[in-house]
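Heads up, the thing below is written out as structure tokens.
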Protein chains: 2
Amino acid sequence: MKIKPECATCIVRQVVDATKEISNNEEEQFKLISACLSCIKEEYGPEAVPAFMGTAVHRYLKKISGNNDPYSKLKYAANKLAMDYINSMNDSIYQYNNKSPLDRLKYKVKLSIAGNVIDFGPYSTTLDINKKLNETINGELKIDHSKELLEDLNKSDKLLYICDNAGEILFDKILIEELNKYCEVVASVKGGPILNDATMEDAKSIGLDKVVKVITTGCDVIGVNLEESSEEFLKEYYNADLIIAKGMGNFESLSEYSIDKPLYYIFKAKCAPIAEFINVNVGDNILLKNKIP
Amino acid sequence: MKIKPECATCIVRQVVDATKEISNNEEEQFKLISACLSCIKEEYGPEAVPAFMGTAVHRYLKKISGNNDPYSKLKYAANKLAMDYINSMNDSIYQYNNKSPLDRLKYKVKLSIAGNVIDFGPYSTTLDINKKLNETINGELKIDHSKELLEDLNKSDKLLYICDNAGEILFDKILIEELNKYCEVVASVKGGPILNDATMEDAKSIGLDKVVKVITTGCDVIGVNLEESSEEFLKEYYNADLIIAKGMGNFESLSEYSIDKPLYYIFKAKCAPIAEFINVNVGDNILLKNKIP
């Protein structure tokens with residue numbers, strides 16, 4: 001999908017947030033933000049893809065600031081917040097293991113969407129996040145292709161699960177364990193730090209690599225850019241029978257490519273441009289199957 | 001006061017909002033926003049005054065779009081919303097006329113701050129606005145120099161009341177009628193359309209000119225820029241014994257000048273940079289007397 005005019009506000013807000021992670025010095029913050037305004041202007045336009053515009057701007061900010069991982073503290077906090085939350089709810093997770101395959105799958109998809117809430121976790125209080133997590137888990141899937149996903153799982157041998165953020169991957173791990181009952185899952189994380197996206201470091205810190213094979217996209221692109229992906233990633237991408245892509249960045253970018261196999265997008269529609277694009281409301285939970293040409 | 005690094009987000013959001021008022025065509029919106037990003041970059045920096053940066057950017061947008069009054073529909077809606085609200089509460093306003101001068105003054109100051117809420121009125125639902133209006137009227141003044149104001153009113157012959165937004169001026173009118181019991185009030189509105197600020201057209205449409213003399217600042221500057229103000233405005237500014245300035249734009253700009261007479265700022269602290277500057281929380285209601293050098 002392409003950006004909407006209002007995406008200008010969001011990318012500037014992201015730059016402001018990232019800059020505050022990079023430096024406490026206001027003069028320095030002004031300089032970095034000012035430089036990024038030029039970069040945003042260069043990337044901004046009706047043909048820009050949100051995830052790729054974000055990649056260009058965050059890469060530029062990393063370069064000019066000399067800070068290769070502005071979100072490292074926030075990612076650490078997100079992993080901890082996710083761990084605490086999951087530890088607090090372990091019983092209810094196991095209760096679902098006695099339910100039907102479809103109920104179990106839907107529950108764990110919603111759980112993974114709850115993890116997607118932690119994206120804005122570090123900017124808010126733990127209380128708010130816990131409330132949002134609970135609402136998501138107990139809420140509905142506004143677009144619900146879980147039956148189709150279950151069918152596709154039963155027909156597939158290999159699944160590529162494209163992860164999104166730190167923190168969130170702990171919730172993904174629970175879904176991935178469920179998916180792994182049906183087929184061989186390979187999970188991918190980012191090849192380098194970008195925004196608060198999960199990297200191999202995050203995957204290892206939560207033991208995802210103990211459950212399934214974990215690879216990286218080979219690059220620090222928000223979402224997936226096939227032109228920049230590593231051979232290792234592309235091999236899994238093309239060999240998989242089924243792909244699951246988590247979060248808005250993966251939706252924004254992968255919806256730019258056509259693909260001849262089932263690809264499911266799992267995310268919370270966090271902003272108006274995305275929500276309008278798929279005709280839902282902001283805050284809705286989405287499990288969406290792609291249209292195969 | 002000067003801008004904070006995060007003011008970049010707010011000014012871009014304002015440009016996006018204004019652009020959507022100017023055109024429904026997304027291509028056109030992209031062009032206008034993109035052009036404004038350059039203008040913002042030119043104005044943005046640690047020495048920028050928020051109201052003056054806003055003035056430069058909104059003037060630029062008016063110029064390149066050929067639309068001299070992007071907020072005209074929103075101002076009309078704000079005036080209507082304010083009129084409906086005040087009509088619905090007329091009884092409670094009159095109840096306060098039997099209270100002590102100080103209680104009456106404080107109530108009407110809070111009422112005028114409630115009017116300041118309508119600033120973001122048109123972007124939200126009427127229900128939310130009514131809730132915010134009620135909360136403000138029934139809330140407290142976090143900075144409360146009402147006793148000082150009452151004393152100064154009793155010592156003054158001439159008062160200049162510098163208005164802020166459309167819609168809000170209906171609430172100001174009620175306070176102005178109260179102030180007019182103590183001294184001769186002159187009210188000022190903007191000399192030309194800028195943001196959703198009240199102009200002479202708004203003042204006349206709500207009958208403010210029937211209550212007190214209304215002048216304009218002589219220019220389309222957010223807040224007050226003495227270098228650009230008309231002779232008529234400057235005369236009232238320098239001749240007044242007492243000045244009341246409504247809203248954040250007036251605070252942002254007038255706090256840049258030193259003045260040797262009592263100047264009271266009345267506003268709701270709507271954003272973190274302003275709230276931090278005066279050491280209150282976002283959402284707090286303020287009646288603040290200037291420090292006379």
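In the structure tokens, chains take the letters A, B, ... in the order shown, each chain's residues start at 1, and ligands count up from 1 in the order shown.
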Compute the set of chain A residues within 12 Å of chain B, using only C-alpha atoms, and express it as a short mmCIF file (atom, residue, chain, number, x, y, z; two decimals) with C-alpha atoms, in the first residue's frame.
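Result written to result-v3.cif:
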data_model
loop_
_atom_site.label_atom_id
_atom_site.label_comp_id
_atom_site.auth_asym_id
_atom_site.auth_seq_id
_atom_site.Cartn_x
_atom_site.Cartn_y
_atom_site.Cartn_z
CA LYS A 2 1.00 3.63 -0.46
CA ILE A 3 1.16 6.35 2.16
CA LYS A 4 -1.66 8.82 2.73
CA PRO A 5 -1.03 12.57 3.04
CA GLU A 6 -1.40 12.40 6.85
CA CYS A 7 1.48 9.89 7.13
CA ALA A 8 3.69 13.00 7.25
CA THR A 9 2.61 13.56 10.86
CA CYS A 10 3.37 10.00 11.92
CA ILE A 11 6.84 9.85 10.41
CA VAL A 12 7.79 13.17 12.01
CA ARG A 13 6.48 11.89 15.36
CA GLN A 14 8.60 8.76 14.94
CA VAL A 15 11.66 10.88 14.24
CA VAL A 16 10.96 12.96 17.36
CA ASP A 17 10.56 9.80 19.45
CA ALA A 18 13.72 8.20 18.07
CA THR A 19 15.70 11.41 18.51
CA LYS A 20 14.74 11.55 22.17
CA SER A 23 20.09 12.25 22.86
CA ASN A 24 18.93 14.18 25.90
CA ASN A 25 20.44 17.35 24.49
CA GLU A 26 17.80 19.60 22.95
CA GLU A 27 20.20 21.35 20.58
CA GLU A 28 21.22 17.95 19.24
CA GLN A 29 17.55 16.89 18.99
CA PHE A 30 16.73 20.02 16.98
CA LYS A 31 19.62 19.33 14.59
CA LEU A 32 18.67 15.70 14.04
CA ILE A 33 14.95 16.43 13.55
CA SER A 34 15.69 19.33 11.22
CA ALA A 35 17.96 17.15 9.07
CA CYS A 36 15.31 14.42 9.00
CA LEU A 37 12.67 16.90 7.76
CA SER A 38 14.68 17.16 4.52
CA CYS A 39 14.95 13.40 4.28
CA ILE A 40 11.20 13.04 4.87
CA LYS A 41 10.48 15.61 2.17
CA GLU A 42 12.58 13.62 -0.29
CA GLU A 43 10.78 10.35 0.48
CA TYR A 44 7.27 11.75 0.90
CA GLY A 45 4.77 11.50 -1.95
CA PRO A 46 1.78 9.57 -3.30
CA GLU A 47 3.97 6.68 -4.51
CA ALA A 48 5.79 6.14 -1.21
#
Backbone DSSP call of strand (DSSP E or B) for region 128-236 of chain A, listed as a VMD selection string: chain A and resid 141 to 144 158 to 162 165 184 to 190 197 199 213 to 216
Spatial neighbours of Lys204 (chain B), max dist 12 Å, only C-alpha atoms, sep filter under 2 positions, as a count of residues only: 23
Which of region 28-159 of chain A DSSP labels helix (DSSP H, G or I), written as a PyMOL selection string: chain A and resi 28-43+50-65+72-88+90-98+101-123+126-138+146-155
Atom pair CA of Leu242 (chain B) / CA of Leu149 (chain B): separation (Å):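 CA of Leu242 (chain B) sits 9.2 Å away from CA of Leu149 (chain B).
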All residues 7 Å or closer to Ile244 (chain B), only C-alpha atoms, same chain fewer than 2 positions away omitted, as a PyMOL selection string: chain B and resi 160-162+242+246+263-265
For Asp284 (chain B): contacts at 12 Å, only C-alpha atoms, fewer than 3 positions along chain excluded, given as number ranges by chain: B: 110, 113-114, 116-117, 132, 135-137, 139-144, 266-272, 274-276, 278-281, 287-288
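Considering the residues B:Met83, B:Leu179, B:Leu234, B:Leu74 and counting only C-alpha atoms, Asn196 (chain B) has its shortest atom-to-atom contact with B:Leu74.
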Between CA of Tyr96 (chain B) and CA of Glu177 (chain B) - distance in Å to one decimal: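 A separation of 13.3 Å between them.
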Might you pull out every residue within 9 Å of Gly249 (chain B), with only C-alpha atoms counted and same-chain residues fewer than 2 positions away left off, and present them as an mmCIF file with N, CA and C atoms, in the first residue's frame?
data_model
loop_
_atom_site.group_PDB
_atom_site.id
_atom_site.type_symbol
_atom_site.label_atom_id
_atom_site.label_comp_id
_atom_site.auth_asym_id
_atom_site.auth_seq_id
_atom_site.Cartn_x
_atom_site.Cartn_y
_atom_site.Cartn_z
ATOM 1 N N PRO B 50 6.773 29.343 19.019
ATOM 2 C CA PRO B 50 5.751 28.493 18.398
ATOM 3 C C PRO B 50 4.710 29.278 17.585
ATOM 4 N N ALA B 51 4.186 30.354 18.162
ATOM 5 C CA ALA B 51 3.141 31.115 17.463
ATOM 6 C C ALA B 51 3.669 31.737 16.177
ATOM 7 N N PHE B 52 4.939 32.150 16.187
ATOM 8 C CA PHE B 52 5.492 32.803 14.984
ATOM 9 C C PHE B 52 5.890 31.765 13.928
ATOM 10 N N ASP B 164 -8.732 34.880 21.223
ATOM 11 C CA ASP B 164 -8.005 33.760 20.619
ATOM 12 C C ASP B 164 -8.821 33.194 19.448
ATOM 13 N N ILE B 222 -0.462 34.645 14.497
ATOM 14 C CA ILE B 222 -0.933 33.868 15.644
ATOM 15 C C ILE B 222 -0.348 34.506 16.897
ATOM 16 N N GLY B 223 -1.193 34.807 17.878
ATOM 17 C CA GLY B 223 -0.727 35.529 19.054
ATOM 18 C C GLY B 223 -0.532 36.995 18.707
ATOM 19 N N VAL B 224 0.468 37.624 19.317
ATOM 20 C CA VAL B 224 0.722 39.049 19.069
ATOM 21 C C VAL B 224 2.186 39.237 18.666
ATOM 22 N N LYS B 246 -5.843 35.702 25.867
ATOM 23 C CA LYS B 246 -6.460 34.373 25.880
ATOM 24 C C LYS B 246 -5.689 33.385 25.007
ATOM 25 N N GLY B 247 -5.567 32.148 25.474
ATOM 26 C CA GLY B 247 -5.071 31.078 24.614
ATOM 27 C C GLY B 247 -3.555 30.964 24.571
ATOM 28 N N PHE B 251 0.030 33.541 24.764
ATOM 29 C CA PHE B 251 1.049 33.309 25.787
ATOM 30 C C PHE B 251 2.420 33.106 25.161
ATOM 31 N N GLU B 252 2.466 32.242 24.139
ATOM 32 C CA GLU B 252 3.738 31.944 23.469
ATOM 33 C C GLU B 252 4.421 33.209 22.951
ATOM 34 N N SER B 253 3.610 34.109 22.374
ATOM 35 C CA SER B 253 4.189 35.291 21.731
ATOM 36 C C SER B 253 4.426 36.426 22.729
ATOM 37 N N LEU B 254 3.445 36.729 23.571
ATOM 38 C CA LEU B 254 3.600 37.877 24.483
ATOM 39 C C LEU B 254 4.654 37.617 25.550
#
12 Å contact set for Lys158 (chain A), only C-alpha atoms, chain neighbours under 5 positions out, as a ChimeraX atom specification: /A:152-153,179-187,212-213,235-244,261-262
